[in-house]
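A quick write-up on the structure given underneath.
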Amino acid sequence: MAAGYLADGRLDRAVRALESLLDDCRAQLGEEDVDTLVVEGNLAVALVMGGHEDEGAMLMSANLARRERVFGDEHPQTLTARDAVAATHRLAGRLPEALWLYSRVAPQRNRVLGPSHPHTLTTRLGLGLTFAAAGDTAMALDVVTAALQDCDEVVVEQAELLRSCLAELQGAAVPGQRSGSPQRFARAAVDVVAGADRGGPP
């Protein structure tokens, strides 16, 4: 039910449901149980998406630290949390922090999941958006173009996001040509991240 609320954008209901579920998981399973960590991570994302950035960011960072202890540094569950923290920094305008984390998690996901995996592509899009937000359009173009070249056409959502973002960046790179901001893709990138844990632990 909580995952459904999150998927549908009913964030207040998602937060309430996830808070209740997290209390139950912590009481019955412990703070570092796999299912508890999944619920906690989804609650952190729901808080950030619902406008509670500070509370969500704190919970997300704590969740990442716990996942690192439980799963290890390059487990897919850890990489999901690390990507979410990077996205939160990016949306809050903390670009150096976002760039550092994205630059770390992108090669990790590439090694663990492969370059065309949806989660890897999401991270690469986030990295490109961070460069764009920092004013480095050339680097953003390089990152997004390379990701699109690796993108399997079966991965429809990521392919569409990458193509649209690339078009925006190409427009921004042409002097005198008006273009929408690639930041309009920022929330979509976070939505993909939020979905990474919905299926539970791998």
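Just remember, in the structure tokens the first chain shown is A, the second B, etc., residues are 1-based per chain, and ligands are 1-based in the order shown.
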Checklist entry - Could you pull out the helix (DSSP H, G or I) residues of stretch 4-195 of chain A from DSSP and send them as a ChimeraX atom specification? => result /A:4-8,11-29,34-49,53-71,76-91,95-113,118-133,137-150,156-173,182-195
Item to check | Within 8 Å of A:Ala44 using only C-alpha atoms, minus same-chain residues under 5 positions, as number ranges by chain | outcome: A: 55-57, 59-60
Could those selected residues go to a file with all heavy atoms, as a CSV table (one decimal), in the first residue's frame?
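Okay, result39.csv is ready:
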chain,number,residue,atom,x,y,z
A,55,GLU,N,14.7,16.5,6.9
A,55,GLU,CA,14.4,15.3,7.6
A,55,GLU,C,14.7,14.1,6.7
A,55,GLU,O,15.3,13.1,7.2
A,55,GLU,CB,12.9,15.3,8.0
A,55,GLU,CG,12.5,14.0,8.9
A,55,GLU,CD,11.0,14.0,9.2
A,55,GLU,OE1,10.3,15.0,8.9
A,55,GLU,OE2,10.6,13.1,9.9
A,56,GLY,N,14.3,14.2,5.5
A,56,GLY,CA,14.5,13.1,4.5
A,56,GLY,C,16.0,12.9,4.3
A,56,GLY,O,16.4,11.7,4.2
A,57,ALA,N,16.7,14.0,4.2
A,57,ALA,CA,18.2,13.8,3.9
A,57,ALA,C,18.9,13.2,5.1
A,57,ALA,O,19.8,12.4,4.9
A,57,ALA,CB,18.8,15.2,3.6
A,59,LEU,N,17.6,11.1,7.3
A,59,LEU,CA,17.2,9.7,7.4
A,59,LEU,C,17.9,8.9,6.2
A,59,LEU,O,18.4,7.8,6.4
A,59,LEU,CB,15.7,9.5,7.2
A,59,LEU,CG,15.2,8.1,7.3
A,59,LEU,CD1,15.5,7.5,8.7
A,59,LEU,CD2,13.7,8.1,7.1
A,60,MET,N,18.0,9.6,5.1
A,60,MET,CA,18.7,8.9,3.9
A,60,MET,C,20.2,8.6,4.2
A,60,MET,O,20.7,7.6,3.9
A,60,MET,CB,18.5,9.8,2.7
A,60,MET,CG,18.7,9.1,1.4
A,60,MET,SD,18.3,10.2,0.0
A,60,MET,CE,16.5,10.4,0.2
Rows by chain and residue number, stretch 56-106 of chain A within 12 Å of stretch 139-153 of chain A, shortest pair, only C-alpha atoms, as a tab-separated table:
residue	atom	partner	partner_atom	distance
A:Leu99	CA	A:Ala140	CA	11.5
A:Tyr102	CA	A:Val143	CA	11.5
A:Ser103	CA	A:Val143	CA	10.9
A:Ala106	CA	A:Val143	CA	10.6
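Separating atom CA of A:Val15 from atom CA of A:Leu43 is a distance of 6.1 Å.
For the pair atom CA of A:Gln108 and atom CA of A:Thr137, the interatomic distance is 23.7 Å.
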Using only C-alpha atoms, which residues of stretch 95-163 of chain A come within 7 Å of stretch 81-90 of chain A, and what is the closest atom pair for each, with the distance in Å to one decimal? Give it as JSON lines, sorted by chain and residue number.
{"residue": "A:Leu95", "atom": "CA", "partner": "A:Arg90", "partner_atom": "CA", "distance": 5.5}
{"residue": "A:Glu97", "atom": "CA", "partner": "A:His89", "partner_atom": "CA", "distance": 6.4}
{"residue": "A:Ala98", "atom": "CA", "partner": "A:Ala86", "partner_atom": "CA", "distance": 4.6}
{"residue": "A:Leu101", "atom": "CA", "partner": "A:Ala86", "partner_atom": "CA", "distance": 5.5}
{"residue": "A:Tyr102", "atom": "CA", "partner": "A:Ala86", "partner_atom": "CA", "distance": 6.0}
{"residue": "A:Val105", "atom": "CA", "partner": "A:Asp83", "partner_atom": "CA", "distance": 6.6}
{"residue": "A:Thr123", "atom": "CA", "partner": "A:Asp83", "partner_atom": "CA", "distance": 6.5}
{"residue": "A:Gly126", "atom": "CA", "partner": "A:Ala87", "partner_atom": "CA", "distance": 6.8}
{"residue": "A:Thr130", "atom": "CA", "partner": "A:Arg90", "partner_atom": "CA", "distance": 6.3}
Item to check | One-decimal distance in Å that lies between atom CA of A:Glu32 and atom CA of A:Val70 | outcome: 6.9 Å
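The closest residue to A:Leu11, picked from A:Gln170, A:Asn42, A:Ser116, A:Gln77 and counting only C-alpha atoms, is A:Asn42.
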Next on the checklist: Show me, as number ranges by chain, the residues that have an atom within 12 Å of A:Leu37 when counting only C-alpha atoms, minus same-chain residues fewer than 4 positions from it.
Outcome noted: A: 18, 21-23, 25-26, 29-33, 41-44, 59-71, 77-78, 80-81, 197-198, 200-201
Output for the residues just chosen: C-alpha atoms as a JSON list (two decimals), in the first residue's frame:
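New file again09.json:
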[["chain", "number", "residue", "atom", "x", "y", "z"],
["A", 18, "LEU", "CA", 5.85, 4.17, 5.70],
["A", 21, "LEU", "CA", 5.50, 0.32, 8.72],
["A", 22, "LEU", "CA", 9.00, 1.38, 9.73],
["A", 23, "ASP", "CA", 8.04, 1.44, 13.41],
["A", 25, "CYS", "CA", 9.79, -3.31, 11.20],
["A", 26, "ARG", "CA", 12.18, -1.82, 13.73],
["A", 29, "LEU", "CA", 12.92, -7.17, 12.90],
["A", 30, "GLY", "CA", 15.51, -4.72, 14.18],
["A", 31, "GLU", "CA", 17.04, -1.59, 12.68],
["A", 32, "GLU", "CA", 19.45, -3.39, 10.35],
["A", 33, "ASP", "CA", 17.15, -6.06, 8.97],
["A", 41, "GLY", "CA", 15.03, 4.14, 2.44],
["A", 42, "ASN", "CA", 11.64, 4.53, 0.81],
["A", 43, "LEU", "CA", 10.45, 6.71, 3.70],
["A", 44, "ALA", "CA", 13.49, 8.95, 3.27],
["A", 59, "LEU", "CA", 17.24, 9.69, 7.36],
["A", 60, "MET", "CA", 18.67, 8.91, 3.93],
["A", 61, "SER", "CA", 22.25, 9.43, 5.09],
["A", 62, "ALA", "CA", 21.67, 7.23, 8.14],
["A", 63, "ASN", "CA", 20.09, 4.59, 5.91],
["A", 64, "LEU", "CA", 23.10, 4.65, 3.60],
["A", 65, "ALA", "CA", 25.48, 4.16, 6.53],
["A", 66, "ARG", "CA", 23.46, 1.19, 7.77],
["A", 67, "ARG", "CA", 23.36, -0.37, 4.30],
["A", 68, "GLU", "CA", 27.12, 0.00, 4.00],
["A", 69, "ARG", "CA", 27.53, -1.93, 7.26],
["A", 70, "VAL", "CA", 24.99, -4.63, 6.43],
["A", 71, "PHE", "CA", 25.48, -5.16, 2.70],
["A", 77, "GLN", "CA", 21.02, -1.99, -2.09],
["A", 78, "THR", "CA", 23.89, 0.22, -0.93],
["A", 80, "THR", "CA", 20.51, 2.54, -4.46],
["A", 81, "ALA", "CA", 20.85, 4.51, -1.23],
["A", 197, "ASP", "CA", 13.59, -0.49, -3.66],
["A", 198, "ARG", "CA", 9.92, -1.17, -4.27],
["A", 200, "GLY", "CA", 12.26, -5.45, -1.84],
["A", 201, "PRO", "CA", 15.73, -6.84, -1.46]]
